[in-house]
Amino acid sequence: MTCALITGVLGQDGSLLAEYLLTRSYRVVGVDRPGTPLDADRAPLASRCELLEVDLEAFDAAALVDRVKPDEIYHLAACHRASDQPEDDALRDRMMLVNHDATLALAHAQRGRGSIVVACSRQMYQPALPELRIDEQTPHAPATHYGVTKANCRNGIRALRDKGLRGSCAILFNHESTRRSPAFVTRKITQAATRIAAKRETTLELGDLSARVDFSAATDVVRALHLMATASQPGDRVIASGTLHSLADVCEVAFRAVGLDYREHVTSARPPGDRPALVGDPSLIERDGWTRERPFAAWIEEMVEADRQRL
């Protein structure tokens, strides 16, 4: 039985990936921070896979890998900053420990054993006008400390790959699902649509309706991660839709799903205009056989329905 070790297993990507691998008869061992709660969506994982509490800021990677003996590691856990959270020295230190040091420790422990796929980020690059199209050869240009740690992590994995590591970095663009945290704008929109339809709220204010983002469905993204882990040759891949949609587009689909016109309820704190944007080029992962199954409107409608049921 193939064994997968997933860090950040109780996050959106980790829980979806665990469920996907379980359908393929994997033994799944999931790692998350001590004290992370199991919500209703993730509670069934407790009986279907092995859950371990591990503090990635201070852990023995070799001992963990020796204990689990994974054929595949998916390092999805990350320390990052919410938009309203100050970036202080303590947070920057945690980012380096989790996003960089823990990654390379796991990679060293896995070398000669199996594969490892590391979640990297579009934040390794800076948006531009006209939109900057990102592929695997685009030079890093991070504008945040989170982006710096991910770029350094990718450089480390590439160096170890040259020494025989079956290591790959997934350059992830925005990806959404019913398990997206309410801190993200897509969930803010779908929650607001259901609450306004239920007459519990009347309006939603967003920062910039004209902001354009490369969105994908998270369920499609986890399939790409598995494809990378099982590839005959390791290599970095951009995982994205290759297209841009504005927040106004998200609002239109979400509010239409509850029978409303978003223009009657959503306001923008910034006037419309051209905003710098990043769009991913998924050509390489598509040549590997990856296809997107969930179109743009479908995952938004699923999020709306899930929020309506929660409400």
# chains A, B, ... in the order shown; residues from 1 in each chain; ligands from 1
>>> closest_atom_pairs(of="segment 87-133 of chain A", to="segment 227-243 of chain A", cutoff="12 Å", atoms="only C-alpha atoms", output="JSON lines")
{"residue": "A:Gly114", "atom": "CA", "partner": "A:Ala229", "partner_atom": "CA", "distance": 9.0}
{"residue": "A:Ser115", "atom": "CA", "partner": "A:Ala229", "partner_atom": "CA", "distance": 5.9}
{"residue": "A:Ile116", "atom": "CA", "partner": "A:Ala229", "partner_atom": "CA", "distance": 6.4}
{"residue": "A:Val117", "atom": "CA", "partner": "A:Ala229", "partner_atom": "CA", "distance": 6.0}
{"residue": "A:Val118", "atom": "CA", "partner": "A:Asp236", "partner_atom": "CA", "distance": 9.3}
{"residue": "A:Ala119", "atom": "CA", "partner": "A:Asp236", "partner_atom": "CA", "distance": 10.1}
{"residue": "A:Cys120", "atom": "CA", "partner": "A:Val238", "partner_atom": "CA", "distance": 9.3}
{"residue": "A:Ser121", "atom": "CA", "partner": "A:Val238", "partner_atom": "CA", "distance": 9.2}
{"residue": "A:Arg122", "atom": "CA", "partner": "A:Val238", "partner_atom": "CA", "distance": 8.9}
{"residue": "A:Met124", "atom": "CA", "partner": "A:Val238", "partner_atom": "CA", "distance": 11.9}
{"residue": "A:Glu131", "atom": "CA", "partner": "A:Thr243", "partner_atom": "CA", "distance": 10.6}
{"residue": "A:Leu132", "atom": "CA", "partner": "A:Gly242", "partner_atom": "CA", "distance": 11.2}
{"residue": "A:Arg133", "atom": "CA", "partner": "A:Gly242", "partner_atom": "CA", "distance": 8.4}
>>> residues_around(residues="segment 298-306 of chain A", least_positions_apart="2", cutoff="7 Å", atoms="only C-alpha atoms", output="list of chain:residue names")
A:Ser177, A:Thr178, A:Thr190, A:Gln191, A:Thr194, A:Ala217, A:Val253, A:Ala254, A:Ala257, A:Arg294, A:Pro295, A:Phe296, A:Arg308, A:Gln309, A:Arg310
>>> select_by_dssp(residues="segment 45-111 of chain A", states="helix (DSSP H, G or I)", output="ChimeraX atom specification")
/A:45-48,61-68,89-110
>>> write_last_selection(atoms="N, CA and C atoms", output="compact mmCIF listing (two decimals), in the first residue's frame")
# COMPACT_ATOMS: atom_id res chain seq x y z
N LEU A 45 -11.93 12.61 8.56
CA LEU A 45 -10.55 12.19 8.34
C LEU A 45 -9.98 11.47 9.55
N ALA A 46 -10.47 11.81 10.73
CA ALA A 46 -9.91 11.23 11.95
C ALA A 46 -10.05 9.71 11.98
N SER A 47 -11.08 9.19 11.35
CA SER A 47 -11.29 7.74 11.35
C SER A 47 -10.76 7.07 10.08
N ARG A 48 -10.31 7.86 9.12
CA ARG A 48 -9.90 7.29 7.84
C ARG A 48 -8.39 7.38 7.59
N ALA A 61 12.73 15.99 11.60
CA ALA A 61 12.22 15.52 10.31
C ALA A 61 12.64 14.09 10.03
N ALA A 62 13.88 13.75 10.34
CA ALA A 62 14.37 12.40 10.07
C ALA A 62 13.58 11.38 10.88
N ALA A 63 13.30 11.70 12.14
CA ALA A 63 12.53 10.77 12.97
C ALA A 63 11.11 10.60 12.45
N LEU A 64 10.51 11.69 11.99
CA LEU A 64 9.15 11.62 11.44
C LEU A 64 9.12 10.74 10.20
N VAL A 65 10.07 10.96 9.29
CA VAL A 65 10.10 10.18 8.05
C VAL A 65 10.43 8.72 8.35
N ASP A 66 11.33 8.47 9.30
CA ASP A 66 11.64 7.09 9.69
C ASP A 66 10.41 6.39 10.26
N ARG A 67 9.62 7.13 11.02
CA ARG A 67 8.43 6.56 11.65
C ARG A 67 7.35 6.23 10.62
N VAL A 68 7.09 7.16 9.70
CA VAL A 68 5.99 7.01 8.75
C VAL A 68 6.40 6.20 7.52
N ASP A 89 8.87 40.72 13.63
CA ASP A 89 10.04 39.83 13.60
C ASP A 89 9.68 38.39 13.97
N ALA A 90 8.78 38.24 14.94
CA ALA A 90 8.40 36.88 15.37
C ALA A 90 7.71 36.14 14.23
N LEU A 91 6.83 36.82 13.50
CA LEU A 91 6.15 36.19 12.39
C LEU A 91 7.14 35.84 11.28
N ARG A 92 8.05 36.73 10.99
CA ARG A 92 9.05 36.44 9.96
C ARG A 92 9.91 35.24 10.35
N ASP A 93 10.23 35.14 11.64
CA ASP A 93 11.01 33.98 12.08
C ASP A 93 10.22 32.68 11.89
N ARG A 94 8.91 32.71 12.21
CA ARG A 94 8.09 31.51 12.03
C ARG A 94 7.98 31.14 10.56
N MET A 95 7.85 32.16 9.70
CA MET A 95 7.80 31.88 8.26
C MET A 95 9.06 31.16 7.80
N MET A 96 10.21 31.61 8.26
CA MET A 96 11.45 30.98 7.84
C MET A 96 11.54 29.55 8.35
N LEU A 97 11.12 29.33 9.60
CA LEU A 97 11.21 27.99 10.18
C LEU A 97 10.29 27.00 9.46
N VAL A 98 9.04 27.41 9.20
CA VAL A 98 8.06 26.49 8.61
C VAL A 98 8.20 26.41 7.09
N ASN A 99 8.32 27.56 6.45
CA ASN A 99 8.29 27.60 4.99
C ASN A 99 9.60 27.18 4.35
N HIS A 100 10.70 27.39 5.06
CA HIS A 100 12.01 27.08 4.49
C HIS A 100 12.70 25.94 5.23
N ASP A 101 12.97 26.15 6.52
CA ASP A 101 13.78 25.17 7.25
C ASP A 101 13.11 23.80 7.35
N ALA A 102 11.80 23.78 7.69
CA ALA A 102 11.10 22.51 7.79
C ALA A 102 11.03 21.82 6.43
N THR A 103 10.88 22.61 5.37
CA THR A 103 10.81 22.05 4.02
C THR A 103 12.09 21.31 3.67
N LEU A 104 13.22 21.98 3.87
CA LEU A 104 14.49 21.37 3.49
C LEU A 104 14.84 20.20 4.42
N ALA A 105 14.42 20.29 5.68
CA ALA A 105 14.66 19.16 6.58
C ALA A 105 13.90 17.92 6.11
N LEU A 106 12.63 18.11 5.71
CA LEU A 106 11.86 16.98 5.18
C LEU A 106 12.46 16.45 3.89
N ALA A 107 12.92 17.38 3.04
CA ALA A 107 13.51 16.96 1.77
C ALA A 107 14.77 16.14 1.99
N HIS A 108 15.64 16.59 2.89
CA HIS A 108 16.84 15.82 3.20
C HIS A 108 16.48 14.44 3.74
N ALA A 109 15.47 14.37 4.61
CA ALA A 109 15.07 13.09 5.20
C ALA A 109 14.47 12.15 4.16
N GLN A 110 13.85 12.71 3.11
CA GLN A 110 13.17 11.90 2.10
C GLN A 110 14.09 11.48 0.96
>>> closest_residue(among="A:Leu278, A:Thr202, A:Arg195, A:Pro142", to="Phe215 of chain A", atoms="only C-alpha atoms")
A:Leu278
>>> atom_distance(atom1="atom CA of Arg154 of chain A", atom2="atom CA of Cys49 of chain A")
28.7 Å
>>> residues_around(residues="Asp32 of chain A", least_positions_apart="3", cutoff="8 Å", atoms="only C-alpha atoms", output="PyMOL selection string")
chain A and resi 7-10+36+51-55+77
>>> atom_distance(atom1="atom CA of Ile285 of chain A", atom2="atom CA of Gly11 of chain A")
23.3 Å
>>> closest_residue(among="A:Ala192, A:Ala143, A:Leu129, A:Leu225", to="Arg212 of chain A", atoms="only C-alpha atoms")
A:Leu129
>>> residues_around(residues="Ala248 of chain A", least_positions_apart="3", cutoff="7 Å", atoms="only C-alpha atoms", output="CSV table (one decimal) with C-alpha atoms, in the first residue's frame")
chain,number,residue,atom,x,y,z
A,209,LEU,CA,-14.1,44.9,-7.6
A,210,SER,CA,-11.8,45.3,-10.7
A,251,CYS,CA,-19.8,38.4,-7.3
A,252,GLU,CA,-21.9,38.1,-10.4
>>> residues_around(residues="segment 20-23 of chain A", least_positions_apart="2", cutoff="10 Å", atoms="only C-alpha atoms", output="NGL selection string")
:A and (2-4 or 14-18 or 25-28 or 45 or 48-49 or 219 or 222-223 or 226)
>>> closest_residue(among="A:Arg113, A:Arg24, A:Ser216, A:Asp39", to="Ser181 of chain A", atoms="only C-alpha atoms")
A:Asp39
